[in-house]
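Q: One structure coming up, written as structure tokens, with questions to follow.
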Amino acid sequence: MENHSEIDKGAFKVSVRDDQDISATELEQGTVEDYFIDVQEENALLRKLDRRLLPMLAFMYFLSSLDRSNIGNAYTSGMKEDLSLTPRQYSNAVSVFYSTYLAAELPAVWLLKIAKPRYYMSCLVLCWSLITLFTGFVQSYKSLLAVRVLLGTFEGGFFPAMTLLITMTYKPQEQAKRIAFFFGSSALSGAFGGLIATGLASVKNAGGLEGWRWLYIIEGLISVGAAFWLFFGLPDNIENMSFLNDREQALMRTRSKQRIQYMGENSKFSWKEVSLAFKDLKTYFAFVIQFCQDTILYGFSTFLTAILKLGLGYNSRQAQYMSVPVYILAAIVFLISAYMSDRFKIRGPVFFAYNLLGAVGYIILLTVKKDAVKYFACYLITFSLYTGTGLNITWLTNNVAPHYKRATALGLNQTLGNLSGAIVGQVYTKSPYVLGNSFSLGCIILSNILAALQIIWLMKLNKDKAAISAGLKKDSKKERIGDEALNFKYCL
């Protein structure tokens with residue numbers, strides 16, 4: 001019995017008989033077998049969850065990324081001329097989106113467990129879809145700013161809520177691949193956005209509207225339809241999914257018992273757990289790294305077509321379709337890195353290594369004169385593009401518990417990390433974007449320094465916990481809950 005009775009705690013498995021977080025009360029109410037799940041049954045359950053949830057959520061994030069970043073494609077496809085936008089006005093339109101986007105993120109993670117996910121999240125999608133649709137009819141710089149502010153209001157809460165939904169459904173070592181699926185869809189949005197823009201750029205006054213306006217209208221209509229898919233596809237209650245049969249429901253309850261330390265026993269909102277997130281150094285490591293990685297992501301994805309057109313001298317059509325393979329590579333790279341990360345149960349070292357390639361890409365972009373070599377540098381940058389952003393989020397969610405502490409840390413991570421979106425619009429202001437690319441290079445370097453420091457610190461914390469458990473070191477903490485419990489091993 002002892003050989004097969006392992007339960008998942010934090011990012012790793014520990015034996016039930018060694019687990020201090022499964023309280024005496026818990027053990028009195030059930031036997032060790034209550035925590036055992038047959039591997040084949042669990043894998044079948046995961047496949048069913050994946051088939052139901054991942055394509056739907058990934059498509060919503062695909063649309064979110066498309067609707068947010070298509071301003072870059074619209075700008076190079078006629079918006080600049082039709083609205084008489086100056087480079088500074090375009091940068092302001094990019095930046096103002098994040099004023100409300102940031103404000104929406106922390107409340108979103110607190111509301112998710114209170115509001116029913118399908119009502120809350122489908123409402124967000126429907127609202128931003130209508131705003132995207134209406135963007136196709138803006139007539140001035142001021143109206144463009146207004147719709148960008150509204151778009152940020154409703155898009156801001158979606159990704160952190162979706163990520164938290166994954167942490168509530170999957171175990172820590174199962175999460176990186178799922179989150180990678182979302183970022184892969186975001187990368188594809190860059191590719192498809194370029195393809196769509198390439199096709200619509202040739203449309204001249206169809207129905208009295210320019211091609212870039214049809215870009216927004218078509219994407220908005222697709223997103224409206226997707227909102228209804230989400231409404232009917234998401235369950236009312238993550239802890240009691242109606243599409244699972246009785247046996248699968250029982251397996252989900254067992255998985256919840258296995259993760260009692262990670263999720264927490266109390267389902268009610270807790271200010272104490274919120275406070276713990278603000279006091280945890282991991283929260284601050286995570287959001288500074290996130291700021292750096294998001295700077296790279298937003299700067300590159302928003303301005304790639306402009307870099308290709310204005311920086312490397314390609315025309316609008318060439319810039320659009322030459323961006324497509326760059327994004328496809330970015331998606332493939334992150335899916336591979338996420339698989340490696342879950343397989344070896346490491347986060348920081350993986351994106352640290354990938355960032356080195358990204359740094360080389362920026363150095364080439366800044367120093368080499370030949371356009372072909374600069375275009376090659378764009379492919380190197382993709383190694384940093386989604387990998388650091390996605391794995392840092394997974395690293396944080398794996399190492400912070402219980403639920404409302406993790407929710408708060410995640411909300412802060414997204415709020416402060418995404419502040420980079422506003423800053424990007426102010427550093428990528430003038431072709432050939434030397435300031436913006438230099439700023440992004442500095443962010444890669446800072447991100448890697450912080451990642452290395454956090455790896456060393458987490459190794460020390462794990463070593464200290466082991467020493468305290470073995471009686472070799474005195475425990476200075478009066479209370480240990482969630483990830484501070486001695487049997488919670490931090491993921492590096």
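Here's how to read the names in the structure tokens: chain A, B, ... by the order shown, residue numbers from 1 in each chain, ligand numbers from 1 in the order shown.
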Name the residues in contact with A:Leu312 at a cut-off of 10 Å, using only C-alpha atoms, excluding same-chain residues fewer than 2 positions from it; report them as a VMD selection string.
A: chain A and resid 305 to 310 314 to 315 319 369 to 372 374 to 375 431 to 432
Q: Give me, as a ChimeraX atom specification, all polymer residues having an atom no more than 12 Å from A:Gly471, counting only C-alpha atoms and skipping those fewer than 6 positions away in the same chain.
A: /A:464-465,486
Q: Which polymer residues have any atom within 12 Å of an atom of A:Ser91, counting only C-alpha atoms, with same-chain residues fewer than 6 positions away left out, as number ranges by chain?
A: A: 71-72, 75, 80, 85, 97-98, 141, 144-145, 148, 299, 302-303, 306, 421-430, 436
Q: Could those selected residues go to a file with C-alpha atoms, as a PDB file, in the first residue's frame?
A:
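Result file is result_20.pdb:
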ATOM      1  CA  ILE A  71      -3.821  47.477 -34.410  1.00  0.00           C
ATOM      2  CA  GLY A  72      -0.308  46.812 -35.720  1.00  0.00           C
ATOM      3  CA  TYR A  75      -1.740  50.587 -38.916  1.00  0.00           C
ATOM      4  CA  LYS A  80      -2.337  55.467 -40.479  1.00  0.00           C
ATOM      5  CA  LEU A  85      -2.138  59.232 -37.291  1.00  0.00           C
ATOM      6  CA  PHE A  97      -5.190  50.116 -23.912  1.00  0.00           C
ATOM      7  CA  TYR A  98      -3.203  49.043 -20.853  1.00  0.00           C
ATOM      8  CA  TYR A 141      -7.715  59.550 -33.300  1.00  0.00           C
ATOM      9  CA  LEU A 144      -9.634  55.188 -31.584  1.00  0.00           C
ATOM     10  CA  LEU A 145      -8.367  55.993 -28.079  1.00  0.00           C
ATOM     11  CA  ARG A 148      -8.879  50.998 -27.025  1.00  0.00           C
ATOM     12  CA  GLY A 299       7.133  45.124 -28.126  1.00  0.00           C
ATOM     13  CA  THR A 302       2.864  44.824 -31.681  1.00  0.00           C
ATOM     14  CA  PHE A 303       5.655  46.326 -33.754  1.00  0.00           C
ATOM     15  CA  ALA A 306       6.286  47.977 -38.465  1.00  0.00           C
ATOM     16  CA  GLY A 421       2.402  47.140 -22.508  1.00  0.00           C
ATOM     17  CA  ALA A 422       1.958  50.830 -21.749  1.00  0.00           C
ATOM     18  CA  ILE A 423       5.699  51.435 -21.668  1.00  0.00           C
ATOM     19  CA  VAL A 424       6.333  49.590 -24.934  1.00  0.00           C
ATOM     20  CA  GLY A 425       4.278  52.154 -26.823  1.00  0.00           C
ATOM     21  CA  GLN A 426       6.562  54.891 -25.494  1.00  0.00           C
ATOM     22  CA  VAL A 427       9.916  53.250 -26.329  1.00  0.00           C
ATOM     23  CA  TYR A 428       8.962  51.918 -29.759  1.00  0.00           C
ATOM     24  CA  THR A 429       8.329  55.368 -31.222  1.00  0.00           C
ATOM     25  CA  LYS A 430      10.567  55.864 -34.233  1.00  0.00           C
ATOM     26  CA  GLY A 436      12.733  49.920 -28.209  1.00  0.00           C
TER      27      GLY A 436
END
Q: Pick out the residues sitting within 12 Å of A:Ser341, and hand them over as a PDB file with C-alpha atoms, in the first residue's frame; count only C-alpha atoms, and ignore anything fewer than 3 positions along from it in its own chain.
A:
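Dumped everything to result_21.pdb:
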ATOM      1  CA  ALA A  11       5.014  20.723  -7.773  1.00  0.00           C
ATOM      2  CA  PRO A 172       0.977  21.827 -10.877  1.00  0.00           C
ATOM      3  CA  GLN A 173       3.077  19.451 -12.998  1.00  0.00           C
ATOM      4  CA  GLU A 174       0.246  19.338 -15.565  1.00  0.00           C
ATOM      5  CA  GLN A 175      -0.067  23.088 -16.036  1.00  0.00           C
ATOM      6  CA  ALA A 176       2.836  24.254 -18.225  1.00  0.00           C
ATOM      7  CA  LYS A 177       1.699  22.249 -21.265  1.00  0.00           C
ATOM      8  CA  ARG A 178      -1.836  23.610 -20.942  1.00  0.00           C
ATOM      9  CA  ILE A 179      -0.711  27.209 -20.540  1.00  0.00           C
ATOM     10  CA  ALA A 180       1.658  26.677 -23.486  1.00  0.00           C
ATOM     11  CA  PHE A 334       7.026  27.363 -26.598  1.00  0.00           C
ATOM     12  CA  LEU A 335       5.172  24.061 -26.942  1.00  0.00           C
ATOM     13  CA  ILE A 336       8.508  22.220 -26.902  1.00  0.00           C
ATOM     14  CA  SER A 337       9.820  24.232 -23.952  1.00  0.00           C
ATOM     15  CA  ALA A 338       6.610  23.661 -21.962  1.00  0.00           C
ATOM     16  CA  PHE A 344      11.687  17.589 -15.912  1.00  0.00           C
ATOM     17  CA  LYS A 345       9.643  19.687 -13.417  1.00  0.00           C
ATOM     18  CA  ILE A 346      11.749  22.813 -13.877  1.00  0.00           C
ATOM     19  CA  ARG A 347      10.695  26.296 -14.974  1.00  0.00           C
ATOM     20  CA  GLY A 348      13.403  28.926 -14.487  1.00  0.00           C
ATOM     21  CA  PRO A 349      16.350  27.104 -16.113  1.00  0.00           C
ATOM     22  CA  VAL A 350      14.346  26.469 -19.292  1.00  0.00           C
ATOM     23  CA  PHE A 351      13.408  30.067 -20.050  1.00  0.00           C
ATOM     24  CA  PHE A 352      16.841  31.237 -18.818  1.00  0.00           C
ATOM     25  CA  ALA A 353      18.453  29.184 -21.608  1.00  0.00           C
ATOM     26  CA  THR A 387       8.602  30.886 -23.312  1.00  0.00           C
ATOM     27  CA  GLY A 388       9.642  33.286 -20.569  1.00  0.00           C
ATOM     28  CA  GLY A 390       4.340  31.509 -20.003  1.00  0.00           C
ATOM     29  CA  LEU A 391       6.820  29.567 -17.892  1.00  0.00           C
ATOM     30  CA  ASN A 392       7.208  32.410 -15.408  1.00  0.00           C
ATOM     31  CA  THR A 394       3.516  28.615 -14.325  1.00  0.00           C
ATOM     32  CA  TRP A 395       6.541  28.960 -12.037  1.00  0.00           C
ATOM     33  CA  CYS A 491       9.745  23.990  -8.177  1.00  0.00           C
ATOM     34  CA  LEU A 492      12.939  25.459  -9.617  1.00  0.00           C
TER      35      LEU A 492
END
Q: Determine the nearest neighbour of A:Asn43 from the options A:Lys489, A:Tyr170, A:Tyr404, A:Ala467, counting only C-alpha atoms.
A: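 Selected residue with least distance to A:Asn43: A:Tyr170.
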Q: Residues within 12 Å of A:Val373, please, as a list in words. Count only C-alpha atoms; anything in the same chain fewer than 4 positions from it doesn't count.
A: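 The filter keeps Leu312, Gly361, Tyr362, Ile363, Ile364, Leu365, Leu366, Thr367, Val368, Lys369, Ala377, Cys378, Tyr379 and Leu380 of chain A.
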Q: Would you please work out which residue, of A:Ala226, A:Ile455, A:Leu234, A:Leu151, is nearest to A:Tyr120 when using only C-alpha atoms?
A: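 Ranking A:Ala226, A:Ile455, A:Leu234, A:Leu151 by distance to A:Tyr120, first place goes to A:Leu234.
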Q: Determine the nearest neighbour of A:Leu57 from the options A:Asn92, A:Phe36, A:Gly199, A:Gly233, counting only C-alpha atoms.
A: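 Ranking A:Asn92, A:Phe36, A:Gly199, A:Gly233 by distance to A:Leu57, first place goes to A:Gly233.
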Q: From the set A:Arg213, A:Leu112, A:Leu230, A:Gln40, which residue has the shortest atom-to-atom contact distance to A:Val125, counting only C-alpha atoms?
A: A:Leu230
Q: Calculated over only C-alpha atoms, which of the candidates A:Leu188, A:Leu441, A:Ile218, A:Met162 has the smallest distance to A:Thr135?
A: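 Distance minimum relative to A:Thr135 lands on A:Ile218.
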Q: Quick one: pull the distance between atom CA of A:Pro160 and atom CA of A:Leu410, Å, one decimal.
A: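 Separation of atom CA of A:Pro160 and atom CA of A:Leu410: 6.9 Å.
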Q: Taking the DSSP secondary structure from the backbone, can you list the residues of stretch 194-325 of chain A that are alpha helix (DSSP H), as a short mmCIF file (atom, residue, chain, number, x, y, z; two decimals) with N, CA and C atoms, in the first residue's frame?
A:
data_model
loop_
_atom_site.label_atom_id
_atom_site.label_comp_id
_atom_site.auth_asym_id
_atom_site.auth_seq_id
_atom_site.Cartn_x
_atom_site.Cartn_y
_atom_site.Cartn_z
N GLY A 194 -1.54 38.45 -39.55
CA GLY A 194 -0.77 38.88 -40.72
C GLY A 194 -1.38 38.39 -42.02
N LEU A 195 -1.84 37.13 -42.04
CA LEU A 195 -2.45 36.57 -43.24
C LEU A 195 -3.75 37.29 -43.59
N ILE A 196 -4.59 37.49 -42.56
CA ILE A 196 -5.87 38.18 -42.78
C ILE A 196 -5.61 39.60 -43.28
N ALA A 197 -4.66 40.27 -42.62
CA ALA A 197 -4.36 41.65 -43.02
C ALA A 197 -3.82 41.70 -44.44
N THR A 198 -3.02 40.71 -44.82
CA THR A 198 -2.48 40.67 -46.18
C THR A 198 -3.60 40.58 -47.20
N GLY A 199 -4.61 39.73 -46.91
CA GLY A 199 -5.73 39.59 -47.82
C GLY A 199 -6.61 40.81 -47.87
N LEU A 200 -6.88 41.40 -46.70
CA LEU A 200 -7.81 42.53 -46.65
C LEU A 200 -7.16 43.86 -47.05
N GLY A 211 -9.99 48.39 -46.24
CA GLY A 211 -9.61 47.03 -45.87
C GLY A 211 -9.32 46.86 -44.38
N TRP A 212 -8.65 47.84 -43.78
CA TRP A 212 -8.31 47.70 -42.35
C TRP A 212 -9.56 47.71 -41.48
N ARG A 213 -10.61 48.38 -41.96
CA ARG A 213 -11.87 48.38 -41.20
C ARG A 213 -12.52 47.00 -41.26
N TRP A 214 -12.46 46.34 -42.41
CA TRP A 214 -12.99 44.99 -42.52
C TRP A 214 -12.23 44.02 -41.63
N LEU A 215 -10.94 44.31 -41.40
CA LEU A 215 -10.14 43.49 -40.49
C LEU A 215 -10.79 43.46 -39.10
N TYR A 216 -11.16 44.60 -38.60
CA TYR A 216 -11.81 44.67 -37.29
C TYR A 216 -13.22 44.09 -37.31
N ILE A 217 -13.97 44.37 -38.36
CA ILE A 217 -15.35 43.91 -38.43
C ILE A 217 -15.43 42.39 -38.47
N ILE A 218 -14.62 41.78 -39.33
CA ILE A 218 -14.64 40.31 -39.46
C ILE A 218 -14.17 39.64 -38.18
N GLU A 219 -13.08 40.16 -37.60
CA GLU A 219 -12.59 39.57 -36.35
C GLU A 219 -13.59 39.76 -35.22
N GLY A 220 -14.27 40.90 -35.19
CA GLY A 220 -15.27 41.14 -34.15
C GLY A 220 -16.45 40.19 -34.27
N LEU A 221 -16.92 39.93 -35.50
CA LEU A 221 -18.05 39.02 -35.70
C LEU A 221 -17.68 37.60 -35.30
N ILE A 222 -16.48 37.17 -35.63
CA ILE A 222 -16.02 35.83 -35.21
C ILE A 222 -16.00 35.72 -33.69
N SER A 223 -15.52 36.77 -33.04
CA SER A 223 -15.42 36.76 -31.58
C SER A 223 -16.80 36.74 -30.92
N VAL A 224 -17.78 37.40 -31.51
CA VAL A 224 -19.14 37.37 -30.97
C VAL A 224 -19.67 35.94 -30.98
N GLY A 225 -19.46 35.22 -32.08
CA GLY A 225 -19.88 33.82 -32.16
C GLY A 225 -19.17 32.97 -31.13
N ALA A 226 -17.88 33.24 -30.90
CA ALA A 226 -17.10 32.46 -29.93
C ALA A 226 -17.60 32.66 -28.51
N ALA A 227 -18.13 33.84 -28.21
CA ALA A 227 -18.65 34.11 -26.86
C ALA A 227 -19.79 33.15 -26.52
N PHE A 228 -20.61 32.82 -27.50
CA PHE A 228 -21.72 31.88 -27.27
C PHE A 228 -21.19 30.46 -27.08
N TRP A 229 -20.14 30.10 -27.80
CA TRP A 229 -19.50 28.79 -27.60
C TRP A 229 -19.01 28.68 -26.16
N LEU A 230 -18.37 29.72 -25.66
CA LEU A 230 -17.85 29.70 -24.30
C LEU A 230 -18.98 29.60 -23.28
N PHE A 231 -20.07 30.32 -23.53
CA PHE A 231 -21.20 30.31 -22.60
C PHE A 231 -21.79 28.90 -22.46
N PHE A 232 -21.93 28.21 -23.55
CA PHE A 232 -22.53 26.88 -23.50
C PHE A 232 -21.49 25.78 -23.24
N GLY A 233 -20.21 26.10 -23.38
CA GLY A 233 -19.17 25.08 -23.22
C GLY A 233 -18.56 25.00 -21.84
N ASP A 246 -20.22 9.91 -13.16
CA ASP A 246 -20.07 9.76 -11.71
C ASP A 246 -18.67 9.33 -11.31
N ARG A 247 -18.11 8.38 -12.03
CA ARG A 247 -16.76 7.90 -11.71
C ARG A 247 -15.74 9.03 -11.89
N GLU A 248 -15.87 9.78 -12.96
CA GLU A 248 -14.94 10.87 -13.23
C GLU A 248 -15.10 11.99 -12.19
N GLN A 249 -16.33 12.22 -11.74
CA GLN A 249 -16.55 13.19 -10.66
C GLN A 249 -15.83 12.74 -9.40
N ALA A 250 -15.88 11.44 -9.13
CA ALA A 250 -15.20 10.90 -7.94
C ALA A 250 -13.69 11.07 -8.06
N LEU A 251 -13.16 10.87 -9.27
CA LEU A 251 -11.72 11.05 -9.49
C LEU A 251 -11.32 12.51 -9.28
N MET A 252 -12.18 13.43 -9.71
CA MET A 252 -11.90 14.85 -9.50
C MET A 252 -11.88 15.19 -8.01
N ARG A 253 -12.78 14.59 -7.24
CA ARG A 253 -12.78 14.83 -5.79
C ARG A 253 -11.50 14.28 -5.15
N THR A 254 -11.04 13.13 -5.64
CA THR A 254 -9.79 12.56 -5.12
C THR A 254 -8.61 13.46 -5.46
N ARG A 255 -8.60 13.97 -6.68
CA ARG A 255 -7.53 14.89 -7.07
C ARG A 255 -7.54 16.14 -6.19
N SER A 256 -8.73 16.59 -5.80
CA SER A 256 -8.83 17.74 -4.91
C SER A 256 -8.22 17.43 -3.54
N LYS A 257 -8.47 16.20 -3.04
CA LYS A 257 -7.88 15.79 -1.77
C LYS A 257 -6.36 15.75 -1.88
N GLN A 258 -5.87 15.28 -3.03
CA GLN A 258 -4.42 15.20 -3.23
C GLN A 258 -3.76 16.58 -3.21
N ILE A 260 -4.85 19.33 -1.39
CA ILE A 260 -5.45 20.15 -0.34
C ILE A 260 -4.53 21.28 0.10
N GLN A 261 -3.23 21.02 0.11
CA GLN A 261 -2.28 22.07 0.50
C GLN A 261 -2.17 23.13 -0.59
N TYR A 262 -2.19 22.70 -1.82
CA TYR A 262 -2.04 23.60 -2.95
C TYR A 262 -3.28 24.49 -3.11
N MET A 263 -4.46 23.91 -2.93
CA MET A 263 -5.70 24.65 -3.14
C MET A 263 -6.20 25.33 -1.88
N TRP A 271 -8.75 37.38 3.45
CA TRP A 271 -7.81 38.50 3.43
C TRP A 271 -6.44 38.08 3.97
N LYS A 272 -6.43 37.06 4.81
CA LYS A 272 -5.16 36.57 5.33
C LYS A 272 -4.30 36.02 4.20
N GLU A 273 -4.93 35.26 3.30
CA GLU A 273 -4.18 34.71 2.17
C GLU A 273 -3.75 35.82 1.22
N VAL A 274 -4.60 36.83 1.05
CA VAL A 274 -4.23 37.99 0.23
C VAL A 274 -2.99 38.67 0.81
N SER A 275 -3.00 38.84 2.13
CA SER A 275 -1.86 39.47 2.81
C SER A 275 -0.59 38.66 2.63
N LEU A 276 -0.71 37.33 2.70
CA LEU A 276 0.46 36.47 2.53
C LEU A 276 1.10 36.66 1.15
N ALA A 277 0.28 36.89 0.13
CA ALA A 277 0.81 37.10 -1.21
C ALA A 277 1.65 38.37 -1.28
N PHE A 278 1.19 39.42 -0.59
CA PHE A 278 1.93 40.69 -0.60
C PHE A 278 3.24 40.57 0.19
N LYS A 279 3.30 39.66 1.14
CA LYS A 279 4.50 39.50 1.97
C LYS A 279 5.51 38.53 1.37
N LEU A 281 8.20 37.12 -1.13
CA LEU A 281 9.19 37.63 -2.07
C LEU A 281 9.01 37.04 -3.46
N LYS A 282 8.45 35.83 -3.53
CA LYS A 282 8.24 35.20 -4.84
C LYS A 282 7.30 36.04 -5.70
N THR A 283 6.34 36.70 -5.07
CA THR A 283 5.42 37.57 -5.81
C THR A 283 6.19 38.66 -6.54
N TYR A 284 7.18 39.23 -5.88
CA TYR A 284 7.92 40.36 -6.46
C TYR A 284 8.94 39.90 -7.49
N PHE A 285 9.59 38.78 -7.23
CA PHE A 285 10.45 38.19 -8.26
C PHE A 285 9.64 37.97 -9.54
N ALA A 286 8.45 37.39 -9.35
CA ALA A 286 7.63 36.98 -10.50
C ALA A 286 7.17 38.16 -11.33
N PHE A 287 6.69 39.24 -10.66
CA PHE A 287 6.14 40.30 -11.49
C PHE A 287 7.22 41.14 -12.17
N VAL A 288 8.42 41.22 -11.59
CA VAL A 288 9.49 41.94 -12.29
C VAL A 288 9.95 41.13 -13.50
N ILE A 289 10.09 39.81 -13.31
CA ILE A 289 10.43 38.95 -14.45
C ILE A 289 9.33 39.06 -15.51
N GLN A 290 8.06 39.06 -15.05
CA GLN A 290 6.94 39.14 -15.99
C GLN A 290 6.97 40.46 -16.76
N PHE A 291 7.29 41.54 -16.06
CA PHE A 291 7.40 42.84 -16.72
C PHE A 291 8.44 42.77 -17.85
N CYS A 292 9.58 42.17 -17.55
CA CYS A 292 10.65 42.06 -18.55
C CYS A 292 10.21 41.21 -19.73
N GLN A 293 9.63 40.06 -19.44
CA GLN A 293 9.22 39.15 -20.52
C GLN A 293 8.06 39.72 -21.33
N ASP A 294 7.13 40.41 -20.67
CA ASP A 294 6.02 41.02 -21.39
C ASP A 294 6.48 42.18 -22.27
N THR A 295 7.51 42.87 -21.84
CA THR A 295 8.08 43.94 -22.67
C THR A 295 8.56 43.37 -24.00
N ILE A 296 9.24 42.23 -23.92
CA ILE A 296 9.72 41.56 -25.13
C ILE A 296 8.53 41.13 -25.99
N LEU A 297 7.55 40.49 -25.34
CA LEU A 297 6.39 39.97 -26.07
C LEU A 297 5.58 41.09 -26.73
N TYR A 298 5.20 42.10 -25.97
CA TYR A 298 4.36 43.15 -26.51
C TYR A 298 5.11 44.03 -27.51
N GLY A 299 6.35 44.31 -27.20
CA GLY A 299 7.13 45.12 -28.13
C GLY A 299 7.31 44.44 -29.46
N PHE A 300 7.66 43.17 -29.42
CA PHE A 300 7.92 42.44 -30.66
C PHE A 300 6.63 42.17 -31.44
N SER A 301 5.58 41.69 -30.74
CA SER A 301 4.35 41.31 -31.44
C SER A 301 3.59 42.53 -31.98
N THR A 302 3.60 43.63 -31.24
CA THR A 302 2.86 44.82 -31.68
C THR A 302 3.58 45.54 -32.81
N PHE A 303 4.90 45.52 -32.79
CA PHE A 303 5.65 46.33 -33.75
C PHE A 303 6.40 45.50 -34.80
N LEU A 304 6.17 44.17 -34.85
CA LEU A 304 6.92 43.34 -35.80
C LEU A 304 6.68 43.80 -37.24
N THR A 305 5.42 43.96 -37.61
CA THR A 305 5.16 44.38 -39.00
C THR A 305 5.74 45.76 -39.27
N ALA A 306 5.70 46.64 -38.28
CA ALA A 306 6.29 47.98 -38.46
C ALA A 306 7.81 47.89 -38.58
N SER A 316 4.15 46.90 -47.34
CA SER A 316 3.12 46.44 -46.39
C SER A 316 2.79 44.97 -46.57
N ARG A 317 2.58 44.53 -47.82
CA ARG A 317 2.21 43.15 -48.07
C ARG A 317 3.34 42.20 -47.65
N GLN A 318 4.57 42.55 -48.00
CA GLN A 318 5.71 41.71 -47.62
C GLN A 318 5.84 41.62 -46.10
N ALA A 319 5.67 42.76 -45.42
CA ALA A 319 5.79 42.78 -43.96
C ALA A 319 4.75 41.88 -43.31
N GLN A 320 3.53 41.87 -43.89
CA GLN A 320 2.46 41.05 -43.31
C GLN A 320 2.78 39.57 -43.44
N TYR A 321 3.09 39.11 -44.65
CA TYR A 321 3.27 37.67 -44.79
C TYR A 321 4.62 37.18 -44.28
N MET A 322 5.61 38.05 -44.20
CA MET A 322 6.90 37.63 -43.65
C MET A 322 6.86 37.49 -42.13
N VAL A 324 4.42 35.89 -40.66
CA VAL A 324 3.70 34.64 -40.37
C VAL A 324 4.62 33.53 -39.88
N PRO A 325 5.70 33.17 -40.61
CA PRO A 325 6.56 32.07 -40.12
C PRO A 325 7.26 32.39 -38.81
#
